[in-house]
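Here the structure comes first, spelled out in C-alpha cells, and everything after it is commentary.
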Number of protein chains: 2
Amino acid sequence: MPRNALWKSIAQSLTGDIASGRYGPGDKLPTEAEMAARFGVNRHTVRRALQDMSEKGLVHTRRGSGAFVASKPTDYPIGRRVRFHQNLRAAGRMPAKEVLAVETRSADAREADALALEPGAAVHVYEGLSLADGQPIALFRSVFPADRLPGLPEALRAHKSVTRALEMCGVHDYTRQSTRLTAKLASPTQALLLRISDGAPILRTISVSLAPDNRPVEYGHTWFAGDRVTLTVEP
Amino acid sequence: MPRNALWKSIAQSLTGDIASGRYGPGDKLPTEAEMAARFGVNRHTVRRALQDMSEKGLVHTRRGSGAFVASKPTDYPIGRRVRFHQNLRAAGRMPAKEVLAVETRSADAREADALALEPGAAVHVYEGLSLADGQPIALFRSVFPADRLPGLPEALRAHKSVTRALEMCGVHDYTRQSTRLTAKLASPTQALLLRISDGAPILRTISVSLAPDNRPVEYGHTWFAGDRVTLTVEP
DNA sequence: CCTCATTTGTGCGTATGTATC
DNA sequence: AGATACATACGCACAAATGAG
C-alpha cells in the first residue's frame with residue numbers, strides 16, 4: 001500500500017517537474033487523460049493532484065483548455081515607503097503597469113473618511129494591473145483627493161507611476177500610515193486579470209498614505225496574487 | 001439545471017447554517033452520509049462542499065471522527081509594538097498562553113546572526129501556544145540572548161508573558177525591527193496543536209525585536225492559524 | 001488491550017455537462 | 001459544427017483512524 005496517498009505522489013512528481021524546469025511558467029501540462037495513462041491511475045486521481053497543486057498556486061486550470069504552470073512568487077516589501085517600481089527593480093525584475101481606468105467621481109463614505117474629506121467630495125480613481133516580468137502581480141485601486149491634486153489624471157496617464165504623478169502635482173514624498181492585510185478568494189474577474197484560478201487565494205491590503213504635511217493623499221486597495229508574492233514588513 | 005454547481009449550493013447552505021449560529025464553533029456537523037441523504041446527493045458531492053469549506057477555514061475534518069466548525073477569525077496587529085495580551089484584550093477576547101518548552105541551548109547560525117551573537121552563543125528558547133477564548137491562535141518560538149538575560153527562563157515560567165518576563169530582566173521596552181510574512185501549510189504537528197486541518201494555510205512571521213539600546217533581544221517565529229487571524233500593519 | 005461499528009479518506013468506473021479550440 | 005478537454009455527479013469498494021464498549 002502506498003504510505004502516501006497516490007494523488008499526493010503524483011502531485012509531488014509534477015511539482016518536481018515544475019521545480020526542475022521541465023515545465024516552465026505558462027507551460028501547458030499534458031491533459032488529464034494523458035497523465036492518467038502515464039501514471040497508470042484513474043483520471044480522478046490526477047484531478048485530485050492537480051486540485052492540490054492549484055490550491056497551492058503552482059498551477060491553474062481552465063475548463064476546455066488545460067492546466068498551466070503558474071509563475072514564481074515575488075517578494076514585496078510593505079513599510080513606510082511602498083514604491084512598486086523601485087521594489088521590483090531592486091529584486092531584479094522588470095516592472096510594468098497596465099492602466100485599467102482613470103476617472104474622477106464623488107467619494108463614497110469609506111473613501112471620504114479615509115481621506116478626511118467631506119462626504120461626496122471629488123476624488124480621482126486610478127485602477128490598474130501591476131506586472132513583473134510580464135506576469136500579473138497585483139490589481140490596485142488608488143483614490144486621491146481631487147481638490148488638492150487637480151492635474152493628477154493627466155499625470156497618471158502620462159507616467160503610470162503613482163510616485164511620479166504625485167511629484168508632478170507637488171507631492172514630493174508620501175509615506176504609508178497603515179496597512180490592513182486580509183486573505184480573500186479571487187473573484188472570476190480578478191482571476192481573469194491576474195491569470196490565476198477562480199477562487200485562488202488573494203492577499204488584499206487596504207492602505208492610507210500621507211503627504212509630508214501629514215494629510216492623507218492616497219487610499220489604496222491592492223489585491224495580490226497570493227501565491228506570487230511574499231510581503232515583508234519593515235516598520 | 002442548477003446554474004451553480006451542486007456542491008457549491010451545499011457549501012453555501014452549510015455556511016449559512018454556521019453564520020446563523022445553527023452550528024457554533026467546535027460543533028460537529030452531521031456525518032457525510034447523513035448530509036448526503038438530507039440533501040439528496042451522493043456522498044462525494046457533500047465531500048466536495050466540505051472540502052471547499054475546509055479550504056476557506058470554516059470547518060476542519062478528522063478522519064474517523066467528523067467535520068467540526070472552526071472558530072472565528074481574530075484581528076491581530078503587527079507594528080512597532082506587538083503585545084499579545086494587550087492586543088487581544090483590546091479586541092474583547094480572553095487571552096491565554098500554553099507553555100510548550102523553555103530551554104537554554106546554543107544558537108544556530110541563523111539565530112546568532114539575527115541576534116548579533118557569536119555563533120554557538122547561549123540562547124533561551126521559549127515555545128508555546130497562544131489562545132483566544134480557548135481557541136488556539138498561534139504557535140510561537142522566541143529566541144533570546146542568554147548572556148544579557150540570565151533570569152529569563154524563570155521569569156517566563158512564572159509569568160508566561162514575554163513583556164513581563166523581559167521587564168523582570170531589566171528590559172522595560174522593546175520594539176519590532178522587522179517582520180517577514182510567508183504563507184505555509186500546516187504540518188501534522190502544527191495542525192494538531194492549532195486544531196486545524198492538516199495542510200491548512202498557516203501565516204508564518206519571522207521577526208526581530210530591539211531593546212531601547214537598539215540591540216536585538218528577541219528573534220521570533222510565529223505560526224498563525226491563517227483562517228483565524230487578520231494581520232494589520234501600522235508602521 | 002482488544003474488538004468492532006462508525007466515520008472519514010482514497011481510488012476506480014461511468015456518465016453527462018460545458019467551455020475551448 | 002465538431003472534436004477536445006476540463007467540471008460535475010453518481011455508485012461502488014476498501015483503507016485507515018476514531019472511539020465506545
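To be explicit about the labels: the chains of the C-alpha cells are called A, B, and onward in the order shown, and within each one the residues are counted from 1, while ligands get numbers from 1 in the order they are shown.
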Restrict the distance test to only C-alpha atoms (C1' of nucleotides), flag each residue of chain D within 8 Å of chain A, and return the flagged residues as a PDB file with all heavy atoms, in the first residue's frame.
ATOM      1  P    DT D   4     -10.957  14.296 -31.142  1.00  0.00           P
ATOM      2  OP1  DT D   4      -9.690  13.795 -31.693  1.00  0.00           O
ATOM      3  OP2  DT D   4     -11.995  13.380 -30.644  1.00  0.00           O
ATOM      4  O5'  DT D   4     -10.604  15.318 -29.977  1.00  0.00           O
ATOM      5  C5'  DT D   4      -9.930  16.542 -30.309  1.00  0.00           C
ATOM      6  C4'  DT D   4      -9.785  17.408 -29.079  1.00  0.00           C
ATOM      7  O4'  DT D   4     -11.056  18.030 -28.757  1.00  0.00           O
ATOM      8  C3'  DT D   4      -9.340  16.665 -27.805  1.00  0.00           C
ATOM      9  O3'  DT D   4      -8.212  17.333 -27.292  1.00  0.00           O
ATOM     10  C2'  DT D   4     -10.557  16.753 -26.884  1.00  0.00           C
ATOM     11  C1'  DT D   4     -11.229  18.028 -27.366  1.00  0.00           C
ATOM     12  N1   DT D   4     -12.683  18.133 -27.123  1.00  0.00           N
ATOM     13  C2   DT D   4     -13.164  19.262 -26.493  1.00  0.00           C
ATOM     14  O2   DT D   4     -12.439  20.166 -26.132  1.00  0.00           O
ATOM     15  N3   DT D   4     -14.523  19.294 -26.327  1.00  0.00           N
ATOM     16  C4   DT D   4     -15.444  18.320 -26.713  1.00  0.00           C
ATOM     17  O4   DT D   4     -16.636  18.460 -26.507  1.00  0.00           O
ATOM     18  C5   DT D   4     -14.873  17.169 -27.353  1.00  0.00           C
ATOM     19  C7   DT D   4     -15.767  16.054 -27.815  1.00  0.00           C
ATOM     20  C6   DT D   4     -13.535  17.128 -27.523  1.00  0.00           C
ATOM     21  P    DA D   5      -7.407  16.710 -26.029  1.00  0.00           P
ATOM     22  OP1  DA D   5      -6.004  17.141 -26.173  1.00  0.00           O
ATOM     23  OP2  DA D   5      -7.746  15.270 -25.881  1.00  0.00           O
ATOM     24  O5'  DA D   5      -8.053  17.481 -24.804  1.00  0.00           O
ATOM     25  C5'  DA D   5      -7.984  18.902 -24.753  1.00  0.00           C
ATOM     26  C4'  DA D   5      -8.615  19.389 -23.474  1.00  0.00           C
ATOM     27  O4'  DA D   5     -10.052  19.392 -23.633  1.00  0.00           O
ATOM     28  C3'  DA D   5      -8.306  18.518 -22.251  1.00  0.00           C
ATOM     29  O3'  DA D   5      -7.952  19.334 -21.159  1.00  0.00           O
ATOM     30  C2'  DA D   5      -9.612  17.784 -21.987  1.00  0.00           C
ATOM     31  C1'  DA D   5     -10.643  18.789 -22.501  1.00  0.00           C
ATOM     32  N9   DA D   5     -11.893  18.166 -22.922  1.00  0.00           N
ATOM     33  C8   DA D   5     -12.064  16.966 -23.543  1.00  0.00           C
ATOM     34  N7   DA D   5     -13.312  16.660 -23.789  1.00  0.00           N
ATOM     35  C5   DA D   5     -14.015  17.750 -23.297  1.00  0.00           C
ATOM     36  C6   DA D   5     -15.391  18.049 -23.256  1.00  0.00           C
ATOM     37  N6   DA D   5     -16.330  17.233 -23.728  1.00  0.00           N
ATOM     38  N1   DA D   5     -15.760  19.212 -22.699  1.00  0.00           N
ATOM     39  C2   DA D   5     -14.805  20.027 -22.216  1.00  0.00           C
ATOM     40  N3   DA D   5     -13.485  19.857 -22.202  1.00  0.00           N
ATOM     41  C4   DA D   5     -13.155  18.689 -22.764  1.00  0.00           C
ATOM     42  P    DC D   6      -7.521  18.724 -19.747  1.00  0.00           P
ATOM     43  OP1  DC D   6      -6.179  19.241 -19.478  1.00  0.00           O
ATOM     44  OP2  DC D   6      -7.773  17.283 -19.741  1.00  0.00           O
ATOM     45  O5'  DC D   6      -8.544  19.427 -18.749  1.00  0.00           O
ATOM     46  C5'  DC D   6      -8.607  20.831 -18.727  1.00  0.00           C
ATOM     47  C4'  DC D   6      -9.950  21.278 -18.197  1.00  0.00           C
ATOM     48  O4'  DC D   6     -11.008  20.644 -18.953  1.00  0.00           O
ATOM     49  C3'  DC D   6     -10.209  20.936 -16.727  1.00  0.00           C
ATOM     50  O3'  DC D   6     -10.803  22.070 -16.101  1.00  0.00           O
ATOM     51  C2'  DC D   6     -11.177  19.767 -16.806  1.00  0.00           C
ATOM     52  C1'  DC D   6     -11.973  20.137 -18.047  1.00  0.00           C
ATOM     53  N1   DC D   6     -12.649  18.991 -18.704  1.00  0.00           N
ATOM     54  C2   DC D   6     -14.036  19.029 -18.872  1.00  0.00           C
ATOM     55  O2   DC D   6     -14.658  20.011 -18.473  1.00  0.00           O
ATOM     56  N3   DC D   6     -14.652  17.977 -19.473  1.00  0.00           N
ATOM     57  C4   DC D   6     -13.939  16.935 -19.887  1.00  0.00           C
ATOM     58  N4   DC D   6     -14.589  15.932 -20.475  1.00  0.00           N
ATOM     59  C5   DC D   6     -12.517  16.893 -19.709  1.00  0.00           C
ATOM     60  C6   DC D   6     -11.927  17.925 -19.125  1.00  0.00           C
ATOM     61  P    DA D   7     -11.293  21.963 -14.573  1.00  0.00           P
ATOM     62  OP1  DA D   7     -11.204  23.323 -14.006  1.00  0.00           O
ATOM     63  OP2  DA D   7     -10.592  20.835 -13.915  1.00  0.00           O
ATOM     64  O5'  DA D   7     -12.837  21.588 -14.714  1.00  0.00           O
ATOM     65  C5'  DA D   7     -13.758  22.621 -15.042  1.00  0.00           C
ATOM     66  C4'  DA D   7     -15.158  22.255 -14.536  1.00  0.00           C
ATOM     67  O4'  DA D   7     -15.690  21.161 -15.309  1.00  0.00           O
ATOM     68  C3'  DA D   7     -15.221  21.815 -13.074  1.00  0.00           C
ATOM     69  O3'  DA D   7     -16.340  22.442 -12.467  1.00  0.00           O
ATOM     70  C2'  DA D   7     -15.359  20.298 -13.154  1.00  0.00           C
ATOM     71  C1'  DA D   7     -16.105  20.109 -14.465  1.00  0.00           C
ATOM     72  N9   DA D   7     -15.785  18.869 -15.163  1.00  0.00           N
ATOM     73  C8   DA D   7     -14.539  18.376 -15.433  1.00  0.00           C
ATOM     74  N7   DA D   7     -14.554  17.232 -16.090  1.00  0.00           N
ATOM     75  C5   DA D   7     -15.907  16.958 -16.266  1.00  0.00           C
ATOM     76  C6   DA D   7     -16.592  15.894 -16.888  1.00  0.00           C
ATOM     77  N6   DA D   7     -15.964  14.861 -17.477  1.00  0.00           N
ATOM     78  N1   DA D   7     -17.934  15.919 -16.893  1.00  0.00           N
ATOM     79  C2   DA D   7     -18.553  16.970 -16.307  1.00  0.00           C
ATOM     80  N3   DA D   7     -18.014  18.029 -15.684  1.00  0.00           N
ATOM     81  C4   DA D   7     -16.676  17.956 -15.706  1.00  0.00           C
TER      82       DA D   7
END
Exercise: A:Val41 partners within 12 Å, only C-alpha atoms (C1' of nucleotides), chain neighbours under 6 positions left out, as a list in words: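 Near A:Val41, the qualifying residues are Leu6, Trp7, Ser9, Ile10, Glu32, Ala33, Glu34, Met35, Arg47, Arg48 and Ala49 of chain A; DG11, DC12 and DG13 of chain C.
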Show me, as JSON lines, the residues of chain C having an atom within 12 Å of chain A, each with the closest atom pair and its distance in Å, using only C-alpha atoms (C1' of nucleotides).
{"residue": "C:DG9", "atom": "C1'", "partner": "A:Ala5", "partner_atom": "CA", "distance": 9.1}
{"residue": "C:DT10", "atom": "C1'", "partner": "A:Ala5", "partner_atom": "CA", "distance": 7.0}
{"residue": "C:DG11", "atom": "C1'", "partner": "A:Thr45", "partner_atom": "CA", "distance": 7.0}
{"residue": "C:DC12", "atom": "C1'", "partner": "A:Asn42", "partner_atom": "CA", "distance": 6.3}
{"residue": "C:DG13", "atom": "C1'", "partner": "A:Asn42", "partner_atom": "CA", "distance": 8.6}
{"residue": "C:DT14", "atom": "C1'", "partner": "A:Asn42", "partner_atom": "CA", "distance": 11.7}
{"residue": "C:DG17", "atom": "C1'", "partner": "A:Arg63", "partner_atom": "CA", "distance": 11.8}
{"residue": "C:DT18", "atom": "C1'", "partner": "A:Gly64", "partner_atom": "CA", "distance": 8.3}
{"residue": "C:DA19", "atom": "C1'", "partner": "A:Gly64", "partner_atom": "CA", "distance": 5.1}
{"residue": "C:DT20", "atom": "C1'", "partner": "A:Gly64", "partner_atom": "CA", "distance": 4.5}
{"residue": "C:DC21", "atom": "C1'", "partner": "A:Ser65", "partner_atom": "CA", "distance": 7.9}
How many Å separate atom CA of A:Ala158 from atom CA of A:Ile196? 29.0 Å
Which one is closest to chain A: B:Val217, B:Cys169, B:Leu203, B:Ala138? Count only C-alpha atoms.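 Answer, going by the shortest atom-to-atom distance: B:Leu203.
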At a cut-off of 7 Å, using only C-alpha atoms (C1' of nucleotides), what residues contact A:Leu152? Leave out same-chain residues fewer than 4 positions from it and give the result as a list in words.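 So the residues in contact are Leu156, Ala165, Leu166 and Cys169 of chain A.
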Contacts of A:Ser209 at 7 Å (only C-alpha atoms (C1' of nucleotides); same-chain gap of 5+ positions) as a PyMOL selection string: chain A and resi 174-177+216-219
Residues of the last selection are to be written out with all heavy atoms, as a compact mmCIF listing (two decimals), in the first residue's frame.
# COMPACT_ATOMS: atom_id res chain seq x y z
N TYR A 174 5.66 60.69 0.06
CA TYR A 174 4.49 60.21 0.78
C TYR A 174 4.87 58.94 1.51
O TYR A 174 5.70 58.17 1.03
CB TYR A 174 3.29 59.99 -0.15
CG TYR A 174 3.52 58.97 -1.24
CD1 TYR A 174 2.98 57.69 -1.13
CD2 TYR A 174 4.26 59.27 -2.37
CE1 TYR A 174 3.17 56.75 -2.12
CE2 TYR A 174 4.46 58.34 -3.37
CZ TYR A 174 3.91 57.08 -3.24
OH TYR A 174 4.12 56.15 -4.22
N THR A 175 4.30 58.75 2.67
CA THR A 175 4.62 57.57 3.48
C THR A 175 3.33 56.88 3.89
O THR A 175 2.29 57.49 4.03
CB THR A 175 5.39 57.94 4.75
OG1 THR A 175 4.61 58.87 5.50
CG2 THR A 175 6.73 58.56 4.42
N ARG A 176 3.45 55.59 4.07
CA ARG A 176 2.27 54.79 4.38
C ARG A 176 1.93 54.91 5.86
O ARG A 176 2.78 54.75 6.73
CB ARG A 176 2.51 53.33 4.00
CG ARG A 176 1.31 52.47 4.13
CD ARG A 176 1.47 51.18 3.37
NE ARG A 176 1.34 51.36 1.92
CZ ARG A 176 0.88 50.42 1.11
NH1 ARG A 176 0.50 49.26 1.58
NH2 ARG A 176 0.81 50.63 -0.17
N GLN A 177 0.68 55.21 6.12
CA GLN A 177 0.25 55.33 7.51
C GLN A 177 -0.17 53.98 8.08
O GLN A 177 0.18 53.64 9.20
CB GLN A 177 -0.93 56.32 7.60
CG GLN A 177 -1.42 56.50 9.03
CD GLN A 177 -2.70 57.32 9.06
OE1 GLN A 177 -3.56 57.19 8.20
NE2 GLN A 177 -2.83 58.15 10.08
N PRO A 216 -3.77 62.89 4.48
CA PRO A 216 -3.85 61.70 3.61
C PRO A 216 -3.95 62.08 2.14
O PRO A 216 -4.71 62.99 1.79
CB PRO A 216 -5.13 60.99 4.09
CG PRO A 216 -5.89 62.01 4.84
CD PRO A 216 -4.91 62.99 5.38
N VAL A 217 -3.17 61.41 1.30
CA VAL A 217 -3.21 61.69 -0.14
C VAL A 217 -3.64 60.48 -0.96
O VAL A 217 -4.02 60.63 -2.11
CB VAL A 217 -1.84 62.13 -0.69
CG1 VAL A 217 -1.53 63.54 -0.27
CG2 VAL A 217 -0.76 61.18 -0.29
N GLU A 218 -3.56 59.30 -0.37
CA GLU A 218 -3.90 58.12 -1.15
C GLU A 218 -4.60 57.09 -0.28
O GLU A 218 -4.14 56.78 0.82
CB GLU A 218 -2.65 57.48 -1.77
CG GLU A 218 -2.95 56.29 -2.68
CD GLU A 218 -1.74 55.41 -2.94
OE1 GLU A 218 -0.77 55.50 -2.16
OE2 GLU A 218 -1.77 54.63 -3.89
N TYR A 219 -5.72 56.59 -0.78
CA TYR A 219 -6.43 55.50 -0.12
C TYR A 219 -6.42 54.34 -1.10
O TYR A 219 -7.04 54.41 -2.16
CB TYR A 219 -7.86 55.95 0.21
CG TYR A 219 -8.75 54.89 0.81
CD1 TYR A 219 -8.33 54.15 1.91
CD2 TYR A 219 -10.02 54.64 0.30
CE1 TYR A 219 -9.15 53.19 2.49
CE2 TYR A 219 -10.85 53.69 0.87
CZ TYR A 219 -10.42 52.98 1.96
OH TYR A 219 -11.24 52.03 2.53
Contact residues around C:DT3 with only C-alpha atoms (C1' of nucleotides) at 12 Å, ignoring same-chain residues under 5 positions, as a PyMOL selection string: chain D and resi 19-21
Got time to write the residues from that selection, all heavy atoms, as a compact mmCIF listing (two decimals), in the first residue's frame?
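Written output follows (part_34.txt):
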# COMPACT_ATOMS: atom_id res chain seq x y z
P DG D 19 -11.74 10.45 18.66
OP1 DG D 19 -12.31 11.80 18.68
OP2 DG D 19 -10.43 10.15 19.30
O5' DG D 19 -12.82 9.45 19.29
C5' DG D 19 -14.06 9.25 18.59
C4' DG D 19 -14.81 8.10 19.23
O4' DG D 19 -14.27 6.83 18.71
C3' DG D 19 -14.71 8.01 20.75
O3' DG D 19 -15.96 7.63 21.26
C2' DG D 19 -13.66 6.93 20.96
C1' DG D 19 -14.00 5.99 19.82
N9 DG D 19 -12.96 5.06 19.41
C8 DG D 19 -11.59 5.28 19.43
N7 DG D 19 -10.91 4.25 18.99
C5 DG D 19 -11.87 3.32 18.66
C6 DG D 19 -11.74 2.01 18.14
O6 DG D 19 -10.71 1.41 17.85
N1 DG D 19 -12.98 1.40 17.95
C2 DG D 19 -14.19 1.99 18.24
N2 DG D 19 -15.28 1.25 18.00
N3 DG D 19 -14.33 3.20 18.74
C4 DG D 19 -13.14 3.81 18.92
P DA D 20 -16.25 7.89 22.83
OP1 DA D 20 -16.81 9.25 22.96
OP2 DA D 20 -15.08 7.48 23.64
O5' DA D 20 -17.43 6.83 23.11
C5' DA D 20 -18.31 6.48 22.04
C4' DA D 20 -18.66 5.01 22.13
O4' DA D 20 -17.57 4.21 21.59
C3' DA D 20 -18.89 4.51 23.56
O3' DA D 20 -20.04 3.66 23.60
C2' DA D 20 -17.62 3.76 23.90
C1' DA D 20 -17.21 3.21 22.53
N9 DA D 20 -15.78 2.97 22.38
C8 DA D 20 -14.77 3.83 22.70
N7 DA D 20 -13.58 3.34 22.46
C5 DA D 20 -13.82 2.07 21.95
C6 DA D 20 -12.97 1.05 21.49
N6 DA D 20 -11.63 1.16 21.48
N1 DA D 20 -13.53 -0.08 21.03
C2 DA D 20 -14.87 -0.19 21.05
N3 DA D 20 -15.78 0.71 21.45
C4 DA D 20 -15.18 1.84 21.89
P DG D 21 -20.61 3.26 25.01
OP1 DG D 21 -22.09 3.32 24.88
OP2 DG D 21 -19.92 4.04 26.07
O5' DG D 21 -20.17 1.74 25.14
C5' DG D 21 -20.51 0.81 24.10
C4' DG D 21 -19.74 -0.47 24.34
O4' DG D 21 -18.33 -0.26 24.03
C3' DG D 21 -19.79 -0.98 25.79
O3' DG D 21 -20.28 -2.31 25.82
C2' DG D 21 -18.32 -0.94 26.25
C1' DG D 21 -17.56 -1.00 24.95
N9 DG D 21 -16.24 -0.37 24.99
C8 DG D 21 -15.93 0.87 25.47
N7 DG D 21 -14.66 1.18 25.41
C5 DG D 21 -14.09 0.05 24.84
C6 DG D 21 -12.74 -0.21 24.51
O6 DG D 21 -11.76 0.52 24.68
N1 DG D 21 -12.58 -1.48 23.95
C2 DG D 21 -13.60 -2.36 23.73
N2 DG D 21 -13.26 -3.53 23.18
N3 DG D 21 -14.88 -2.14 24.04
C4 DG D 21 -15.04 -0.91 24.58
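With atom CA of B:Ala101 on one side and atom CA of B:Thr189 on the other, the separation reads 14.9 Å.
Compared by their closest atoms to chain B, and using only C-alpha atoms, the residues A:Arg204, A:Arg215, A:His221, A:Arg22 rank with A:Arg204 nearest.
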Find, counting only C-alpha atoms, the residue in B:Glu103, B:Asp17, B:Asp52, B:Glu127 that gets nearest to chain A. B:Asp52
